[in-house]
$ cat model_7.cif   # mmCIF, C-alpha atoms and all ligand atoms
data_final
loop_
_atom_site.label_atom_id
_atom_site.label_comp_id
_atom_site.auth_asym_id
_atom_site.auth_seq_id
_atom_site.Cartn_x
_atom_site.Cartn_y
_atom_site.Cartn_z
CA MET A 272 -33.51 26.47 -22.03
CA LYS A 273 -34.14 24.57 -18.80
CA SER A 274 -34.37 25.96 -15.32
CA ASN A 275 -31.22 25.90 -13.26
CA ASN A 276 -31.95 22.96 -10.99
CA ASN A 277 -29.06 20.72 -11.89
CA ILE A 278 -28.28 18.44 -8.95
CA LEU A 279 -24.60 18.66 -9.81
CA THR A 280 -24.43 22.40 -9.37
CA ASP A 281 -26.46 23.13 -6.29
CA ALA A 282 -23.40 24.99 -5.00
CA PRO A 283 -21.73 28.24 -5.99
CA PRO A 284 -20.18 27.75 -9.48
CA HIS A 285 -16.60 28.44 -8.36
CA SER A 286 -16.70 25.52 -5.93
CA ASN A 287 -18.24 22.97 -8.29
CA ASN A 288 -15.01 21.03 -8.58
CA LEU A 289 -14.63 20.66 -4.84
CA TRP A 290 -18.34 19.97 -4.51
CA GLU A 291 -18.07 17.12 -7.00
CA MET A 292 -14.94 15.79 -5.29
CA ASN A 293 -16.91 15.59 -2.06
CA TRP A 294 -19.55 13.59 -3.90
CA ILE A 295 -16.97 11.16 -5.20
CA VAL A 296 -15.45 10.76 -1.74
CA ALA A 297 -18.90 10.13 -0.26
CA ALA A 298 -19.57 7.53 -2.96
CA LEU A 299 -16.24 5.81 -2.29
CA ASN A 300 -17.23 5.72 1.37
CA GLY A 301 -20.41 3.92 0.42
CA ALA A 302 -22.87 6.82 0.80
CA ASP A 303 -25.74 6.76 -1.65
CA SER A 304 -27.59 9.91 -0.69
CA LYS A 305 -27.42 11.47 -4.17
CA MET A 306 -27.97 8.44 -6.32
CA PRO A 307 -29.03 4.79 -5.80
CA PHE A 308 -25.76 2.99 -5.39
CA SER A 309 -25.55 -0.79 -5.05
CA LYS A 310 -22.68 -2.66 -3.45
CA ALA A 311 -21.59 -3.95 -6.86
CA HIS A 312 -21.32 -0.41 -8.22
CA HIS A 313 -19.42 0.70 -5.14
CA GLN A 314 -16.90 -2.10 -5.76
CA LYS A 315 -16.61 -1.10 -9.42
CA LEU A 316 -15.90 2.50 -8.47
CA VAL A 317 -13.28 1.48 -5.90
CA ALA A 318 -11.69 -0.80 -8.53
CA PHE A 319 -11.65 2.11 -10.99
CA VAL A 320 -9.79 4.33 -8.49
CA GLU A 321 -7.41 1.55 -7.45
CA SER A 322 -6.55 0.88 -11.09
CA TRP A 323 -5.97 4.60 -11.63
CA ASN A 324 -3.67 4.65 -8.56
CA LYS A 325 -1.76 1.58 -9.75
CA SER A 326 -1.04 3.41 -12.99
CA GLY A 327 0.43 6.34 -11.08
CA ARG A 328 -2.77 8.24 -11.93
CA ASN A 329 -1.54 8.34 -15.51
CA PRO A 330 -4.34 7.32 -17.92
CA LEU A 331 -1.81 6.26 -20.55
CA ARG A 332 -0.34 3.59 -18.32
CA GLU A 333 -1.57 0.08 -17.57
CA PRO A 334 -3.68 -1.21 -15.96
CA PHE A 335 -5.79 1.96 -16.11
CA SER A 336 -5.26 2.48 -19.86
CA LYS A 337 -6.94 -0.90 -20.44
CA LEU A 338 -9.89 0.03 -18.27
CA ILE A 339 -10.65 3.12 -20.35
CA ALA A 340 -9.71 1.64 -23.72
CA GLU A 341 -12.26 1.31 -26.51
CA ASP A 342 -15.10 -1.10 -25.64
CA ALA A 343 -13.84 -1.37 -22.02
CA PRO A 344 -16.33 -0.81 -19.16
CA PHE A 345 -15.01 2.72 -18.53
CA SER A 346 -14.14 3.66 -22.11
CA LEU A 347 -14.09 7.37 -22.86
CA GLU A 348 -17.22 6.86 -24.96
CA GLU A 349 -19.00 5.30 -22.00
CA LEU A 350 -17.75 7.96 -19.57
CA ALA A 351 -19.04 10.67 -21.90
CA ARG A 352 -22.48 9.05 -21.88
CA ALA A 353 -22.78 9.60 -18.12
CA PHE A 354 -23.85 13.19 -18.76
CA THR A 355 -26.22 15.19 -20.83
CA TRP A 356 -25.59 18.87 -21.41
CA ASP A 357 -28.17 21.59 -20.96
CA LEU A 358 -28.06 25.25 -21.82
CA VAL A 359 -29.29 27.00 -18.68
CA SER A 360 -29.83 30.60 -17.67
CA ARG A 361 -27.21 32.05 -15.41
CA PRO A 362 -28.54 33.12 -12.06
CA GLY A 363 -28.04 36.85 -11.56
CA ASP A 364 -27.10 37.68 -15.14
CA SER A 365 -28.78 37.72 -18.52
CA GLY A 366 -26.51 35.13 -20.16
CA ALA A 367 -26.61 31.35 -20.32
CA MET A 368 -24.16 28.52 -19.74
CA TRP A 369 -23.71 24.84 -20.43
CA GLU A 370 -24.33 22.56 -17.53
CA LYS A 371 -23.86 18.86 -17.24
CA ARG A 372 -26.59 16.69 -15.82
CA PRO A 373 -26.47 12.97 -14.97
CA SER A 374 -27.87 10.99 -17.89
CA GLU A 375 -30.32 8.11 -17.60
CA LEU A 376 -27.36 5.80 -17.99
CA ALA A 377 -25.74 7.47 -14.95
CA TYR A 378 -28.69 6.47 -12.80
CA SER A 379 -28.50 2.85 -13.94
CA ASN A 380 -24.69 2.81 -13.79
CA PRO A 381 -23.58 5.09 -10.91
CA SER A 382 -20.01 3.76 -10.90
CA LEU A 383 -19.67 5.10 -14.46
CA PHE A 384 -21.13 8.42 -13.36
CA TYR A 385 -18.72 8.87 -10.43
CA ALA A 386 -15.77 7.65 -12.50
CA ALA A 387 -16.58 10.25 -15.18
CA LEU A 388 -16.90 12.97 -12.52
CA LEU A 389 -13.49 12.06 -11.08
CA PHE A 390 -11.74 11.65 -14.42
CA ALA A 391 -12.71 15.15 -15.55
CA ASN A 392 -12.24 16.93 -12.22
CA PRO A 393 -9.24 19.31 -12.05
CA LEU A 394 -8.91 18.48 -8.34
CA ARG A 395 -8.74 14.70 -8.92
CA MET A 396 -5.12 14.44 -7.70
CA LYS A 397 -6.38 15.60 -4.30
CA LEU A 398 -8.28 12.37 -3.82
CA SER A 399 -6.57 10.29 -1.11
CA ASP A 400 -4.37 7.44 -2.34
CA GLY A 401 -6.60 5.05 -0.43
CA PRO A 402 -8.80 4.86 2.64
CA CYS A 403 -7.59 6.54 5.85
CA GLN A 404 -4.87 4.44 7.49
CA ARG A 405 -6.55 4.36 10.88
CA PRO A 406 -8.10 0.87 10.91
CA ALA A 407 -11.26 2.04 12.69
CA CYS A 408 -11.79 4.83 10.11
CA GLN A 409 -10.81 3.67 6.61
CA ARG A 410 -12.63 6.52 4.93
CA TRP A 411 -11.56 8.08 1.65
CA PHE A 412 -10.85 11.80 1.90
CA ILE A 413 -9.55 14.86 0.08
CA LYS A 414 -5.87 15.51 0.68
CA THR A 415 -4.66 18.86 1.90
CA ARG A 416 -1.03 17.66 1.91
CA GLU A 417 0.83 15.65 -0.73
CA ASN A 418 1.50 12.42 1.16
CA GLN A 419 -1.42 12.55 3.54
CA LYS A 420 -2.39 9.04 4.68
CA THR A 421 -5.02 9.82 7.29
CA CYS A 422 -8.23 11.81 6.90
CA SER A 423 -7.75 14.04 9.95
CA ARG A 424 -5.37 15.12 12.69
CA ARG A 425 -7.31 12.91 15.06
CA CYS A 426 -6.74 9.80 12.92
CA LEU A 427 -3.10 10.77 12.41
CA GLY A 428 -2.70 11.00 16.21
CA VAL A 429 -4.16 7.52 16.67
CA VAL A 430 -2.01 5.97 13.90
CA ARG A 431 1.11 7.59 15.36
CA SER A 432 0.43 6.48 18.93
CA VAL A 433 -0.27 2.92 17.74
CA ALA A 434 3.04 2.98 15.83
CA ALA A 435 4.83 4.30 18.93
CA MET A 436 3.25 1.54 21.03
CA LYS A 437 4.39 -1.10 18.54
CA GLU A 438 7.89 0.35 18.57
CA GLN A 439 7.88 0.29 22.38
CA ARG A 440 6.73 -3.35 22.42
CA LYS A 441 9.42 -4.25 19.92
CA ARG A 442 12.09 -2.63 22.08
CA GLU A 443 10.85 -4.45 25.18
CA HIS A 444 10.86 -7.72 23.27
CA GLU A 445 14.44 -7.16 22.14
CA GLU A 446 15.52 -6.29 25.67
CA ARG A 447 13.95 -9.50 27.00
CA LEU A 448 15.77 -11.50 24.33
CA GLU A 449 19.05 -9.87 25.25
CA LEU A 450 18.53 -10.56 28.96
CA ALA A 451 17.51 -14.17 28.25
CA GLN A 452 20.61 -14.74 26.11
CA GLN A 453 22.87 -13.35 28.85
CA LEU A 454 21.24 -15.64 31.41
CA ILE A 455 21.61 -18.64 29.10
CA SER A 456 25.36 -17.95 28.97
CA LYS A 457 25.34 -17.79 32.75
CA TRP A 458 23.56 -21.15 32.89
CA GLU A 459 26.23 -22.65 30.63
CA GLY A 460 28.86 -21.55 33.12
CA ALA A 461 26.87 -22.47 36.24
CA SER A 462 27.98 -25.17 38.63
CA ALA A 463 26.28 -28.55 38.68
CA LYS A 464 24.92 -27.67 42.11
CA GLU A 465 23.37 -24.44 40.83
CA LYS A 466 21.88 -26.25 37.84
CA LYS A 467 20.38 -28.90 40.08
CA LYS A 468 18.91 -26.23 42.32
CA HIS A 469 16.95 -24.71 39.43
CA GLY A 470 16.01 -27.96 37.76
CA SER A 471 16.06 -26.70 34.17
CA TRP A 472 17.69 -23.87 32.25
CA LYS A 473 14.32 -22.33 31.54
CA GLU A 474 13.54 -22.25 35.26
CA PHE A 475 16.97 -20.73 35.83
CA VAL A 476 16.44 -17.96 33.26
CA GLU A 477 12.93 -17.20 34.50
CA SER A 478 14.03 -17.00 38.11
CA LYS A 479 17.24 -15.02 37.47
CA SER A 480 15.37 -12.52 35.29
CA LYS A 481 13.02 -11.90 38.21
CA LYS A 482 10.26 -13.19 35.95
CA ASN A 483 10.89 -10.51 33.32
CA VAL A 484 11.41 -13.45 31.01
CA SER A 485 8.80 -16.20 31.35
CA LYS A 486 9.27 -19.84 30.37
CA LYS A 487 6.53 -19.34 27.80
CA PHE A 488 8.45 -16.41 26.29
CA ILE A 489 11.63 -18.51 26.17
CA THR A 490 9.91 -21.46 24.44
CA ARG A 491 8.36 -19.18 21.84
CA ALA A 492 11.62 -17.30 21.23
CA VAL A 493 13.55 -20.57 20.79
CA ASN A 494 10.90 -21.87 18.36
CA ASN A 495 11.12 -18.59 16.42
CA LYS A 496 14.93 -18.96 16.39
CA GLU A 497 15.26 -15.60 18.17
CA LEU A 498 16.97 -17.26 21.09
CA ARG A 499 19.70 -19.91 21.18
CA SER A 500 19.23 -22.70 23.76
CA PRO A 501 22.23 -23.52 25.97
CA LYS A 502 25.11 -25.44 24.42
CA GLY A 503 24.74 -29.14 25.01
CA GLY A 504 20.98 -28.69 25.20
CA GLY A 505 19.57 -30.06 28.40
CA LYS A 506 16.20 -29.45 29.87
ZN ZN B 1 -9.60 8.75 9.35
#

$ encode --input "model_7.cif" --output "structure tokens"
Amino acid sequence: MKSNNNILTDAPPHSNNLWEMNWIVAALNGADSKMPFSKAHHQKLVAFVESWNKSGRNPLREPFSKLIAEDAPFSLEELARAFTWDLVSRPGDSGAMWEKRPSELAYSNPSLFYAALLFANPLRMKLSDGPCQRPACQRWFIKTRENQKTCSRRCLGVVRSVAAMKEQRKREHEERLELAQQLISKWEGASAKEKKKHGSWKEFVESKSKKNVSKKFITRAVNNKELRSPKGGGK
């Protein structure tokens, strides 16, 4: 029997699953504090999780089923080799228990090790569907709600305010288009004298909109076919 110094279980037994999930999340976020972890292995682990997600987290479905099939890089045989099992004494009682320990293979192939940890963890569905949606964060996390897309309330606040800002800009853009189109109709009905005074329809629209609509905006909107130029064209 070996002493109870398993690096996987240096936490109270009841929280091992969560403890291991935190390890997996840290690994997905590129941390290598527990085990040497090259960039290539990080990419392999991310690919493993992405494949699992694509399959609806159902190991029987493709593409994930292919990744864990016989002779595949993450075959069940390979995943099983990421651990060795030791019979250890139980702290605080006279019995013993089985404990898993990273194998030598795990140290040379950390992506396999983390994949095996995730695959067998009862809390695996709590892993985020992807990195946090806040562009400046992009960290993997453990979900506390079903469809959680950001790692924290703070990130959620940022993502929401950015979305609100985009929505606001979109509304302003649409209002400018509407105003420009109204002024184009006005130009079509304007007298020759009025037209001459402004020189061109774009000048007319810019001036009449009190510069809410710039000539640059008009040109871009016409090119994007968001705005119709006056009938009969003209400058
Ligand atoms: Zn975040």

$ residues_around --input "model_7.cif" --residues "Lys414 in chain A" --least-positions-apart "4" --cutoff "10 Å" --atoms "all atoms listed in the file" --output "list in words"
Leu394, Met396, Lys397, Leu398, Ser399, Asp400, Asn418, Gln419, Lys420, Thr421, Cys422 and Ser423 of chain A

$ atom_distance --input "model_7.cif" --atom1 "CA of Val484 in chain A" --atom2 "CA of Lys464 in chain A"
22.5 Å

$ residues_near_ligand --input "model_7.cif" --ligand "ligand ZN 1 (chain B)" --cutoff "8 Å" --atoms "all atoms listed in the file" --output "number ranges by chain"
A: 402-405, 407-411, 421-423, 425-427

$ residues_around --input "model_7.cif" --residues "Asn293 in chain A" --least-positions-apart "4" --cutoff "8 Å" --atoms "all atoms listed in the file" --output "JSON, numbers by chain"
{"A": [289, 297, 413]}

$ closest_residue --input "model_7.cif" --among "A:Arg372, A:Arg332, A:Lys482, A:His313" --to "Arg447 in chain A" --atoms "all atoms listed in the file"
A:Lys482

$ residues_around --input "model_7.cif" --residues "range 340-344 of chain A" --least-positions-apart "2" --cutoff "12 Å" --atoms "only C-alpha atoms" --output "MDAnalysis selection string"
chainID A and resid 315:316 318:319 330:338 346:350 352 380 382:384 386:387

$ closest_residue --input "model_7.cif" --among "A:Pro501, A:Ala451, A:Ala463, A:Asp357" --to "Asn483 in chain A" --atoms "only C-alpha atoms"
A:Ala451

$ atom_distance --input "model_7.cif" --atom1 "CA of Asn287 in chain A" --atom2 "CA of Ala311 in chain A"
27.2 Å

$ atom_distance --input "model_7.cif" --atom1 "CA of Gly366 in chain A" --atom2 "CA of Asn392 in chain A"
24.5 Å

$ closest_residue --input "model_7.cif" --among "A:Leu299, A:Glu446, A:Arg328, A:Trp290" --to "Phe412 in chain A" --atoms "only C-alpha atoms"
A:Leu299

$ decode --input "model_7.cif" --residues "range 388-400 of chain A" --atoms "N, CA and C atoms" --output "compact mmCIF listing (two decimals), in the first residue's frame"
# COMPACT_ATOMS: atom_id res chain seq x y z
N LEU A 388 -9.64 12.41 -17.78
CA LEU A 388 -10.24 13.00 -16.57
C LEU A 388 -11.64 13.53 -16.87
N LEU A 389 -11.76 14.24 -18.01
CA LEU A 389 -13.05 14.85 -18.37
C LEU A 389 -14.07 13.77 -18.70
N PHE A 390 -13.64 12.81 -19.50
CA PHE A 390 -14.56 11.78 -20.02
C PHE A 390 -15.21 11.00 -18.88
N ALA A 391 -14.47 10.82 -17.79
CA ALA A 391 -14.98 9.99 -16.68
C ALA A 391 -15.55 10.83 -15.54
N ASN A 392 -15.59 12.14 -15.71
CA ASN A 392 -16.04 12.99 -14.61
C ASN A 392 -17.56 13.17 -14.63
N PRO A 393 -18.24 12.85 -13.53
CA PRO A 393 -19.71 12.99 -13.50
C PRO A 393 -20.18 14.44 -13.71
N LEU A 394 -19.27 15.39 -13.50
CA LEU A 394 -19.66 16.81 -13.68
C LEU A 394 -19.30 17.33 -15.07
N ARG A 395 -18.94 16.44 -16.00
CA ARG A 395 -18.42 16.90 -17.30
C ARG A 395 -19.37 17.81 -18.06
N MET A 396 -20.71 17.60 -17.88
CA MET A 396 -21.66 18.43 -18.62
C MET A 396 -21.63 19.89 -18.14
N LYS A 397 -20.99 20.11 -16.99
CA LYS A 397 -20.90 21.48 -16.46
C LYS A 397 -19.78 22.28 -17.12
N LEU A 398 -18.96 21.61 -17.91
CA LEU A 398 -17.92 22.35 -18.62
C LEU A 398 -18.58 23.31 -19.61
N SER A 399 -18.09 24.53 -19.70
CA SER A 399 -18.69 25.50 -20.62
C SER A 399 -18.65 24.96 -22.05
N ASP A 400 -19.60 25.43 -22.87
CA ASP A 400 -19.68 24.97 -24.26
C ASP A 400 -18.52 25.49 -25.10
